[in-house]
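Everything on this sheet refers to the single structure shown next.
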Amino acid sequence: RPRIGVLAVQGDVREHLAALTELGAEASTVRRPAEVDAIDGLVIPGGESTVMDKLVRAFELQAPLRARIAAGMPVYGSCAGMIMLADRIADARPDQQTLGGLDITVRRNAFGRQVDSFEQDLDFAWSDPSRAGTVHAVFIRAPWVEEAGNGVEVLARVSGGPAAGRIVAVRQGNLMATSFHPEVGADRRVHAEFVEIVRSHRQQRNVREPA
Ligand code: GLN
């Protein structure tokens with residue numbers, strides 16, 4: 001079973017653990033550097049990216065997480081987790097850092113105060129025909145992807161309203177991120193996409209370096 005950690009410094013940790021367990025992964029919390037070595041993939045939940053960044057650094061997780069990301073570990077970030085995976089923040093707080101890895105520029109709280117939180121059905125570029133149809137996306141003070149590099153695959157865009165067309169889900173190699181929170185509902189397809197990435201990455205690794 002793929003071992004998938006959930007960064008547990010802040011946010012919807014329990015909901016992500018439950019979703020991953022439901023999909024057959026061995027899910028565990030990640031709070032200490034040693035726990036970073038023991039996983040095949042990581043979920044970074046939503047929360048508040050400035051706080052999460054501070055805690056990641058205080059818990060001495062920044063360097064080990066950056067190293068594993070650079071080595072190709074699959075990571076899925078939701079909302080603040082997307083911000084943590086972004087190489088660039090359009091409106092970063094002074095001193096705000098990210099783990100990086102995704103060649104994107106994100107804008108925090110991009111949808112503005114008047115639409116603090118909203119829900120919308122989106123088309124999603126599923127990798128597997130068994131996962132068809134729109135996804136009901138819940139946005140909570142969400143970021144959007146303002147710019148994406150050439151190597152970044154756009155998985156979903158806002159479907160209507162003033163922000164129509166804005167990019168809200170991306171993938172680049174083993175890194176995936178959504179502006180919305182798939183852990184709040186019962187739909188497990190977004191988590192399933194990620195578990196699939198972790199499984200195939202693990203298989204490839206086992207083929208290359210049998211042990
Ligand atoms: N606005 C938050 C941030 O900048 C993200 C909100 C969320 O994760 N729900 O980190």
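Identifiers for the structure tokens are assigned positionally: chains receive A, B, ... in sequence, residues are indexed from 1 per chain, and ligands are indexed from 1 in the order shown.
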
**Q.** Contacts of Ser117 of chain A within 10 Å, only C-alpha atoms, excl. fewer than 6 positions in-chain, as a list of chain:residue names
**A.**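 In the requested format, the answer is A:Asn109, A:Phe111, A:Val138, A:Phe139, A:Ile140, A:Arg141, A:Ala142, A:Phe180.
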
Residues within 10 Å of Ser127 of chain A, only C-alpha atoms, excluding chain neighbours under 5 positions, as a PDB file with C-alpha atoms, in the first residue's frame:
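As written to disk, part-v7.pdb reads:
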ATOM      1  CA  ALA A 132     -15.696  11.226 -15.365  1.00  0.00           C
ATOM      2  CA  LEU A 155      -6.620  20.451 -14.835  1.00  0.00           C
ATOM      3  CA  GLU A 193      -5.995  11.042  -8.902  1.00  0.00           C
ATOM      4  CA  GLU A 196      -2.697   7.014  -8.547  1.00  0.00           C
ATOM      5  CA  ILE A 197       0.288   9.349  -9.034  1.00  0.00           C
TER       6      ILE A 197
END

Q) Can I get the residues close to ligand 1 as a PyMOL selection string, where close means within 9 Å and we count only C-alpha atoms and all ligand atoms? A) chain A and resi 11+45-52+78-84+92+107-110+117+139-143+179-181

Q) Could you pull out all residues of segment 1-209 of chain A with a DSSP call of strand (DSSP E or B) and give them as a PyMOL selection string? A) chain A and resi 3-7+26-30+41-44+75-78+86-89+102-107+117-122+135-140+144-148+153-157+167-172+175-178

Would you output that residue set with C-alpha atoms, as an mmCIF file, in the first residue's frame?
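Saved to again-v1.cif:
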data_model
loop_
_atom_site.group_PDB
_atom_site.id
_atom_site.type_symbol
_atom_site.label_atom_id
_atom_site.label_comp_id
_atom_site.auth_asym_id
_atom_site.auth_seq_id
_atom_site.Cartn_x
_atom_site.Cartn_y
_atom_site.Cartn_z
ATOM 1 C CA ARG A 3 2.323 5.375 2.359
ATOM 2 C CA ILE A 4 0.925 8.875 2.114
ATOM 3 C CA GLY A 5 1.587 11.529 4.731
ATOM 4 C CA VAL A 6 -0.569 14.524 5.545
ATOM 5 C CA LEU A 7 1.345 17.596 6.641
ATOM 6 C CA GLU A 26 -1.558 3.907 4.485
ATOM 7 C CA ALA A 27 -2.124 7.448 5.737
ATOM 8 C CA SER A 28 -0.123 9.097 8.503
ATOM 9 C CA THR A 29 0.540 12.551 9.893
ATOM 10 C CA VAL A 30 3.802 14.355 9.165
ATOM 11 C CA GLY A 41 3.724 10.916 -1.096
ATOM 12 C CA LEU A 42 2.407 13.911 0.831
ATOM 13 C CA VAL A 43 -0.806 15.927 1.055
ATOM 14 C CA ILE A 44 -0.576 19.569 2.147
ATOM 15 C CA VAL A 75 2.798 15.997 -3.417
ATOM 16 C CA TYR A 76 -0.782 17.247 -3.579
ATOM 17 C CA GLY A 77 -1.576 20.694 -2.172
ATOM 18 C CA SER A 78 -5.080 22.044 -1.567
ATOM 19 C CA ALA A 86 4.069 27.423 -5.836
ATOM 20 C CA ASP A 87 7.428 28.728 -6.978
ATOM 21 C CA ARG A 88 6.062 32.293 -6.836
ATOM 22 C CA ILE A 89 3.410 34.219 -4.868
ATOM 23 C CA LEU A 102 5.333 23.981 -9.207
ATOM 24 C CA ASP A 103 6.240 26.483 -11.902
ATOM 25 C CA ILE A 104 3.279 28.712 -11.130
ATOM 26 C CA THR A 105 2.538 32.149 -9.708
ATOM 27 C CA VAL A 106 -0.379 32.101 -7.285
ATOM 28 C CA ARG A 107 -2.446 34.987 -5.972
ATOM 29 C CA SER A 117 -16.189 31.386 -0.146
ATOM 30 C CA PHE A 118 -18.219 29.819 -2.922
ATOM 31 C CA GLU A 119 -18.945 26.533 -4.618
ATOM 32 C CA GLN A 120 -18.992 25.638 -8.265
ATOM 33 C CA ASP A 121 -19.144 22.589 -10.538
ATOM 34 C CA LEU A 122 -16.008 22.410 -12.670
ATOM 35 C CA VAL A 135 -16.314 18.080 -9.704
ATOM 36 C CA HIS A 136 -18.194 20.090 -7.086
ATOM 37 C CA ALA A 137 -15.482 22.490 -5.924
ATOM 38 C CA VAL A 138 -15.585 24.304 -2.567
ATOM 39 C CA PHE A 139 -13.460 27.458 -2.438
ATOM 40 C CA ILE A 140 -12.584 29.063 0.909
ATOM 41 C CA TRP A 144 -5.902 31.107 -8.099
ATOM 42 C CA VAL A 145 -3.052 30.385 -10.456
ATOM 43 C CA GLU A 146 -2.168 33.655 -12.099
ATOM 44 C CA GLU A 147 0.542 32.272 -14.366
ATOM 45 C CA ALA A 148 1.582 28.754 -15.216
ATOM 46 C CA GLU A 153 -0.860 21.007 -17.133
ATOM 47 C CA VAL A 154 -4.096 22.866 -16.367
ATOM 48 C CA LEU A 155 -6.620 20.451 -14.835
ATOM 49 C CA ALA A 156 -9.491 22.834 -14.087
ATOM 50 C CA ARG A 157 -10.632 26.416 -14.518
ATOM 51 C CA ILE A 167 -6.875 28.309 -13.350
ATOM 52 C CA VAL A 168 -7.742 26.437 -10.144
ATOM 53 C CA ALA A 169 -6.164 22.997 -10.573
ATOM 54 C CA VAL A 170 -2.781 22.066 -12.024
ATOM 55 C CA ARG A 171 -0.332 19.248 -12.355
ATOM 56 C CA GLN A 172 3.368 19.245 -13.157
ATOM 57 C CA LEU A 175 3.021 17.622 -8.132
ATOM 58 C CA MET A 176 -0.693 18.408 -8.164
ATOM 59 C CA ALA A 177 -2.591 21.315 -6.631
ATOM 60 C CA THR A 178 -6.151 22.593 -6.402
#

**Q.** Shortest interatomic distance to Glu35 of chain A - which of A:Arg1, A:Arg68, A:His191, A:Arg205, counting only C-alpha atoms
**A.**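 Of A:Arg1, A:Arg68, A:His191, A:Arg205, the one nearest Glu35 of chain A, counting only C-alpha atoms, is A:Arg68.
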
Q. Looking at only C-alpha atoms, which of A:Arg31, A:Asp123, A:Ala186, A:Gly24 is the one that sits closest to Ala8 of chain A?
A.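 Checking each candidate against Ala8 of chain A, we get A:Arg31 as the closest.
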
Q.
So the first atom is atom CA of Leu85 of chain A and the second is atom CA of Gly100 of chain A; what is the distance between them in Å, to one decimal place?
A.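 Here the two named atoms are 4.3 Å from each other.
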
Q) So what do you get for atom CA of Arg14 of chain A versus atom CA of Phe194 of chain A, distance-wise? A)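 Straight-line distance from atom CA of Arg14 of chain A to atom CA of Phe194 of chain A works out to 17.1 Å.
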
Q | Which of A:Ala71, A:Ala125, A:Ala163, A:Val9 sits closest to Val190 of chain A [using only C-alpha atoms] | A |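 Once distances to Val190 of chain A are computed over only C-alpha atoms, the minimum belongs to A:Ala125.
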
Q: Could you tell me how far atom CA of Gly112 of chain A lies from atom CA of Ser159 of chain A, in Å and to one decimal?
A: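 Going from atom CA of Gly112 of chain A over to atom CA of Ser159 of chain A, I get 17.0 Å.
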
Q. Using only C-alpha atoms, which of the listed residues (A:Asn174, A:Asn150, A:Gln10, A:Gln203) sits closest to Gly101 of chain A?
A.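 Under the stated criterion, the closest residue is A:Asn174.
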
Q: Would you mind writing down, as a PyMOL selection string, each residue of segment 7-190 of chain A that DSSP on the backbone assigns to helix (DSSP H, G or I)?
A: chain A and resi 13-22+33-37+49-58+62-70+80-85+182-184+189-190

Q: Considering only C-alpha atoms, state which residue in the set A:Ala25, A:Ser200, A:Gly185, A:Val158 is at the smallest distance from Gly173 of chain A.
A: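 Using only C-alpha atoms, the shortest distance to Gly173 of chain A belongs to A:Ser200.
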